[in-house]
Amino acid sequence: MMNRSLVLLLVMMCLTSTVQAQEVSIGTVREAWDRMDILVQPLDVVSGGTEAQEAAWVLESVIGVDLDYSGLFKALSPAEGDTTTVTFAIEGVLEGRLPGTAVTDAEAAPVLNLRLMSYPGRQVLLNKRYRPTWDKLRASAHHFVDEVVLFLHGEPGICLTRIVFARGSDDRRDIHCVDFDGEGELRLTANRQLNLFPTWSPDNNQLAFMSWREGQQGIYLLETATGEVRAVNETPGSNLNPAWHPSGEELLVSLSKVGQHEIYRLGLQGNIIRRLTVNPAIEISPSWSPNGRDIIFTSDQTGAPQIYIMAADGSNKRRLTFEGRYNDAAAWSPNGEKIVYATRIGDFTQIVLINPDGTNRFELTGPEWRNCEDPSWAPDSRHIVFASDRSGVFKLYVLDILEGGIRQLTFGDEPDKTPDWSH
Amino acid sequence: MIRKLGLLMFILGLLLAVGCGKDAPVVVDDPTTSIPMETVPEEPVAEEPEPVDVVPSGPTAEDYARMAPQEYGIEDLFFAFDEYTLSTEAMMLLEASARIMKEHSVLTYVIEGHCDERGTVEYNLALGEKRAIAARDYLVSLGVPASQLRITSYGEERPFSNGHGESAWALNRRAHFSRP
């Protein structure tokens, strides 16, 4: 097994040899980043016939897309490079016919071996063994690319992450879920209500969300494994934007039960841990800093919504945004380095990035994107999912803040809103 | 424009309620008291201060329960962009609504706050609630029992018009009365 410093050396060598990455449009955010070339070799299908060959094509395709979506790599097909020109290659062997779902007899399952190789020298850097079924085929490829990202980049990949969101219009708005690559869409609620603001618990096992029941807003929890739903808070008035504490043991919410919107820390049984704001103004959209020490939120105490920051006990409130008359929906990046929020510019809402001290404001979207709302960070602190009505209906898009590239995540005629990226 | 229409509807409603339109003087069962049409002053009638006193002989609460509030004079209110303060027109509409609500105290209402599509989902939900609260508080100040009213907000989520542009937006910035 190769040690980390040798890998880093290889990475450095590779960086000098890769082709120039596409033009970087967000140069002020961070240094321009060169993507690393990785050759994706056709898998060696030993047995299993045409069905196994089809599975191999799916795996090769998913691996290539995952590498590209990471923002770190450029996947090359055999037509675009070979082992004499690239440093890294992914190779593999598939043996056996794939069952639809898990087989009871492990020995009867097919074997998939995926390897990360380095050239010249044909050294094996990673060797992973899977027993894929058709329903887990893509997950095998996602898992392997995450291993590649961790090995070569030193930080976890996001290929197995998912995004929850609200889909539908008017009275019927269900919580849906989609894989990070836009595949595997799943509907999670069917309560014939208006549901909004789904957010993943830190362990991804629960979703907190807002729902109207008989015209009254409430905060609810959904177990992702069972689909079971229970109420957390149904006090009269608003029950807005639940946000999980990094510990997973409490929520931040905006309630208006006292007649005005205030920020509360709420236990998962609906018990109030602390009321954090006392102000006749609208106070909404709370969100924790990744270390759980600070809270960012929106207040319109100056007559227009602006982003503020306060300590976890509600002390030391100060204003963060001074540019623009309408700022809301702030979210802190998981690595703590940036805050993203929505701002109104002209008739449209756009996505803006700032440092946690309010400096370095940078507009990530422009009017050609019409309205861009509800940004949420991927765990890599590099990608952001948001809703835009660029196509005439709100759909979800993923933005790479380093390269500036945007890809569409969801499709179809129904509006998709309030996305949240899993951890 | 929309608010003016509302006001016009309100005045028309009053005319009908008082029974003083062009047809009012025709009292067939007692010809001796009939007043020639020409003598009925048109203008003051519309501003008759307490026209609703005549209403009790009209529909009952049971009749109203079968109707949408807008069909018997409880009109929706409209708001300016990013505003939740009541306009003079909105207050006049609420004063008319308050009389009907006090007359039929068994009827309860949900006041829904709505916003146009501009701005964020979050802030619009809060703004919508402020609009509903403004309407409720004024009704309560006019003597409508708070127990008769419930508020909620749908923000920009349930627009009355799906269009884009000021004519659609103006229709969507409202406090809407519904029955629970």
# chains A, B, ... in the order shown; residues from 1 in each chain; ligands from 1
call {"tool": "closest_atom_pairs", "arguments": {"of": "chain B", "to": "chain A", "cutoff": "9 Å", "atoms": "only C-alpha atoms", "output": "JSON lines"}}
result
{"residue": "B:Asp82", "atom": "CA", "partner": "A:Ala304", "partner_atom": "CA", "distance": 8.9}
{"residue": "B:Val110", "atom": "CA", "partner": "A:Gly215", "partner_atom": "CA", "distance": 8.4}
{"residue": "B:Glu112", "atom": "CA", "partner": "A:Gly215", "partner_atom": "CA", "distance": 8.9}
{"residue": "B:Arg118", "atom": "CA", "partner": "A:Phe348", "partner_atom": "CA", "distance": 7.0}
{"residue": "B:Gly119", "atom": "CA", "partner": "A:Thr349", "partner_atom": "CA", "distance": 6.2}
{"residue": "B:Thr120", "atom": "CA", "partner": "A:Glu373", "partner_atom": "CA", "distance": 6.5}
{"residue": "B:Val121", "atom": "CA", "partner": "A:Glu373", "partner_atom": "CA", "distance": 8.0}
{"residue": "B:Glu122", "atom": "CA", "partner": "A:Ser285", "partner_atom": "CA", "distance": 6.7}
{"residue": "B:Tyr123", "atom": "CA", "partner": "A:Ile284", "partner_atom": "CA", "distance": 7.2}
{"residue": "B:Leu125", "atom": "CA", "partner": "A:Ser238", "partner_atom": "CA", "distance": 8.0}
{"residue": "B:Ala126", "atom": "CA", "partner": "A:Ile282", "partner_atom": "CA", "distance": 6.8}
{"residue": "B:Leu127", "atom": "CA", "partner": "A:Ile282", "partner_atom": "CA", "distance": 8.0}
{"residue": "B:Glu129", "atom": "CA", "partner": "A:Ser238", "partner_atom": "CA", "distance": 7.4}
{"residue": "B:Lys130", "atom": "CA", "partner": "A:Gln260", "partner_atom": "CA", "distance": 8.1}
{"residue": "B:Ile133", "atom": "CA", "partner": "A:Gly259", "partner_atom": "CA", "distance": 8.1}
{"residue": "B:Arg150", "atom": "CA", "partner": "A:Pro236", "partner_atom": "CA", "distance": 8.8}
{"residue": "B:Ile151", "atom": "CA", "partner": "A:Gly237", "partner_atom": "CA", "distance": 7.0}
{"residue": "B:Thr152", "atom": "CA", "partner": "A:Gly237", "partner_atom": "CA", "distance": 6.3}
{"residue": "B:Ser153", "atom": "CA", "partner": "A:Ser238", "partner_atom": "CA", "distance": 7.5}
{"residue": "B:Glu157", "atom": "CA", "partner": "A:Asp170", "partner_atom": "CA", "distance": 6.1}
{"residue": "B:Arg158", "atom": "CA", "partner": "A:Asp170", "partner_atom": "CA", "distance": 4.7}
{"residue": "B:Pro159", "atom": "CA", "partner": "A:Asp170", "partner_atom": "CA", "distance": 7.6}
{"residue": "B:Pro180", "atom": "CA", "partner": "A:Gly215", "partner_atom": "CA", "distance": 8.0}
call {"tool": "write_last_selection", "arguments": {"atoms": "C-alpha atoms", "output": "PDB file, in the first residue's frame"}}
result
ATOM      1  CA  ASP B  82     -43.792  44.265   0.534  1.00  0.00           C
ATOM      2  CA  VAL B 110     -59.785  31.739   8.370  1.00  0.00           C
ATOM      3  CA  GLU B 112     -55.196  33.638   4.764  1.00  0.00           C
ATOM      4  CA  ARG B 118     -41.176  38.055  -5.740  1.00  0.00           C
ATOM      5  CA  GLY B 119     -38.856  37.489  -2.811  1.00  0.00           C
ATOM      6  CA  THR B 120     -38.106  34.349  -0.830  1.00  0.00           C
ATOM      7  CA  VAL B 121     -40.454  31.549   0.212  1.00  0.00           C
ATOM      8  CA  GLU B 122     -39.537  32.169   3.867  1.00  0.00           C
ATOM      9  CA  TYR B 123     -40.036  35.926   4.043  1.00  0.00           C
ATOM     10  CA  LEU B 125     -44.713  33.235   4.491  1.00  0.00           C
ATOM     11  CA  ALA B 126     -43.929  35.676   7.306  1.00  0.00           C
ATOM     12  CA  LEU B 127     -45.190  38.669   5.324  1.00  0.00           C
ATOM     13  CA  GLU B 129     -49.000  36.171   8.141  1.00  0.00           C
ATOM     14  CA  LYS B 130     -48.441  39.844   8.946  1.00  0.00           C
ATOM     15  CA  ILE B 133     -52.745  39.562  11.440  1.00  0.00           C
ATOM     16  CA  ARG B 150     -58.145  32.211  12.735  1.00  0.00           C
ATOM     17  CA  ILE B 151     -55.135  33.251  10.688  1.00  0.00           C
ATOM     18  CA  THR B 152     -52.708  31.411   8.458  1.00  0.00           C
ATOM     19  CA  SER B 153     -50.245  32.284   5.736  1.00  0.00           C
ATOM     20  CA  GLU B 157     -47.367  29.184  -2.410  1.00  0.00           C
ATOM     21  CA  ARG B 158     -51.017  29.452  -3.486  1.00  0.00           C
ATOM     22  CA  PRO B 159     -51.254  32.329  -5.934  1.00  0.00           C
ATOM     23  CA  PRO B 180     -62.606  26.574   8.079  1.00  0.00           C
TER      24      PRO B 180
END
call {"tool": "residues_around", "arguments": {"residues": "Lys338 of chain A", "least_positions_apart": "5", "cutoff": "6 Å", "atoms": "only C-alpha atoms", "output": "ChimeraX atom specification"}}
result
/A:333,354-356
call {"tool": "write_last_selection", "arguments": {"atoms": "C-alpha atoms", "output": "PDB file, in the first residue's frame"}}
result
ATOM      1  CA  SER A 333     -20.894  26.201   4.558  1.00  0.00           C
ATOM      2  CA  ILE A 354     -19.990  36.266   1.724  1.00  0.00           C
ATOM      3  CA  ASN A 355     -17.388  35.494   4.366  1.00  0.00           C
ATOM      4  CA  PRO A 356     -18.783  34.849   7.866  1.00  0.00           C
TER       5      PRO A 356
END
call {"tool": "residues_around", "arguments": {"residues": "His423 of chain A", "least_positions_apart": "4", "cutoff": "9 Å", "atoms": "only C-alpha atoms", "output": "PyMOL selection string"}}
result
chain A and resi 158+161-162+200-204+334+378-379
call {"tool": "write_last_selection", "arguments": {"atoms": "C-alpha atoms", "output": "compact mmCIF listing (two decimals), in the first residue's frame"}}
result
# COMPACT_ATOMS: atom_id res chain seq x y z
CA ILE A 158 -20.40 13.50 -2.16
CA THR A 161 -25.40 12.22 -0.90
CA ARG A 162 -29.01 13.08 -1.70
CA TRP A 200 -31.79 16.37 6.87
CA SER A 201 -30.78 15.53 10.41
CA PRO A 202 -26.97 15.43 10.79
CA ASP A 203 -27.05 11.60 10.63
CA ASN A 204 -29.40 11.69 7.59
CA PRO A 334 -20.03 22.95 6.38
CA ALA A 378 -23.22 20.01 -0.23
CA PRO A 379 -20.99 18.48 2.48
call {"tool": "residues_around", "arguments": {"residues": "Ile111 of chain B", "least_positions_apart": "6", "cutoff": "6 Å", "atoms": "only C-alpha atoms", "output": "compact mmCIF listing (two decimals) with C-alpha atoms, in the first residue's frame"}}
result
# COMPACT_ATOMS: atom_id res chain seq x y z
CA ALA B 132 -53.55 38.19 7.97
CA ILE B 151 -55.14 33.25 10.69
CA HIS B 176 -58.32 36.09 1.72
CA PHE B 177 -61.30 35.08 3.84
call {"tool": "residues_around", "arguments": {"residues": "Thr101 of chain A", "least_positions_apart": "6", "cutoff": "9 Å", "atoms": "only C-alpha atoms", "output": "list of chain:residue names"}}
result
A:Pro132, A:Thr133, A:Trp134, A:Asp135, A:Lys136
call {"tool": "atom_distance", "arguments": {"atom1": "atom CA of Met36 of chain A", "atom2": "atom CA of Phe73 of chain A"}}
result
4.5 Å
call {"tool": "select_by_dssp", "arguments": {"residues": "segment 133-356 of chain A", "states": "helix (DSSP H, G or I)", "output": "PyMOL selection string"}}
result
chain A and resi 134-153
call {"tool": "write_last_selection", "arguments": {"atoms": "C-alpha atoms", "output": "tab-separated table (two decimals), in the first residue's frame"}}
result
chain	number	residue	atom	x	y	z
A	134	TRP	CA	-29.36	-4.08	-10.15
A	135	ASP	CA	-30.96	-1.84	-7.53
A	136	LYS	CA	-27.58	-1.12	-5.89
A	137	LEU	CA	-25.50	-0.96	-9.06
A	138	ARG	CA	-25.18	2.82	-9.20
A	139	ALA	CA	-24.46	2.93	-5.45
A	140	SER	CA	-21.45	0.63	-5.98
A	141	ALA	CA	-20.00	3.05	-8.52
A	142	HIS	CA	-20.81	6.06	-6.27
A	143	HIS	CA	-19.10	4.37	-3.33
A	144	PHE	CA	-15.98	3.63	-5.35
A	145	VAL	CA	-15.66	7.20	-6.67
A	146	ASP	CA	-16.06	8.52	-3.11
A	147	GLU	CA	-13.11	6.26	-2.19
A	148	VAL	CA	-11.12	7.68	-5.10
A	149	VAL	CA	-11.93	11.24	-4.01
A	150	LEU	CA	-10.91	10.52	-0.41
A	151	PHE	CA	-7.69	8.83	-1.54
A	152	LEU	CA	-6.53	11.43	-4.03
A	153	HIS	CA	-8.10	14.59	-2.55
call {"tool": "residues_around", "arguments": {"residues": "Arg179 of chain B", "least_positions_apart": "6", "cutoff": "9 Å", "atoms": "only C-alpha atoms", "output": "NGL selection string"}}
result
:B and (65 or 68-69 or 107-111)
call {"tool": "residues_around", "arguments": {"residues": "Glu83 of chain B", "least_positions_apart": "2", "cutoff": "9 Å", "atoms": "only C-alpha atoms", "output": "list in words"}}
result
Phe79, Ala80, Phe81, Thr85, Leu86, Leu127, Lys130, Arg131 and Arg173 of chain B
call {"tool": "atom_distance", "arguments": {"atom1": "atom CA of Arg97 of chain A", "atom2": "atom CA of Ala52 of chain A"}}
result
5.7 Å
call {"tool": "select_by_dssp", "arguments": {"residues": "segment 87-301 of chain A", "states": "strand (DSSP E or B)", "output": "ChimeraX atom specification"}}
result
/A:88-95,111-118,123-130,162-169,172-179,186-187,194-200,206-213,216-223,229-233,239-244,250-255,262-267,272-275,283-288,294-299
call {"tool": "atom_distance", "arguments": {"atom1": "atom CA of Ile307 of chain A", "atom2": "atom CA of Gln408 of chain A"}}
result
27.7 Å
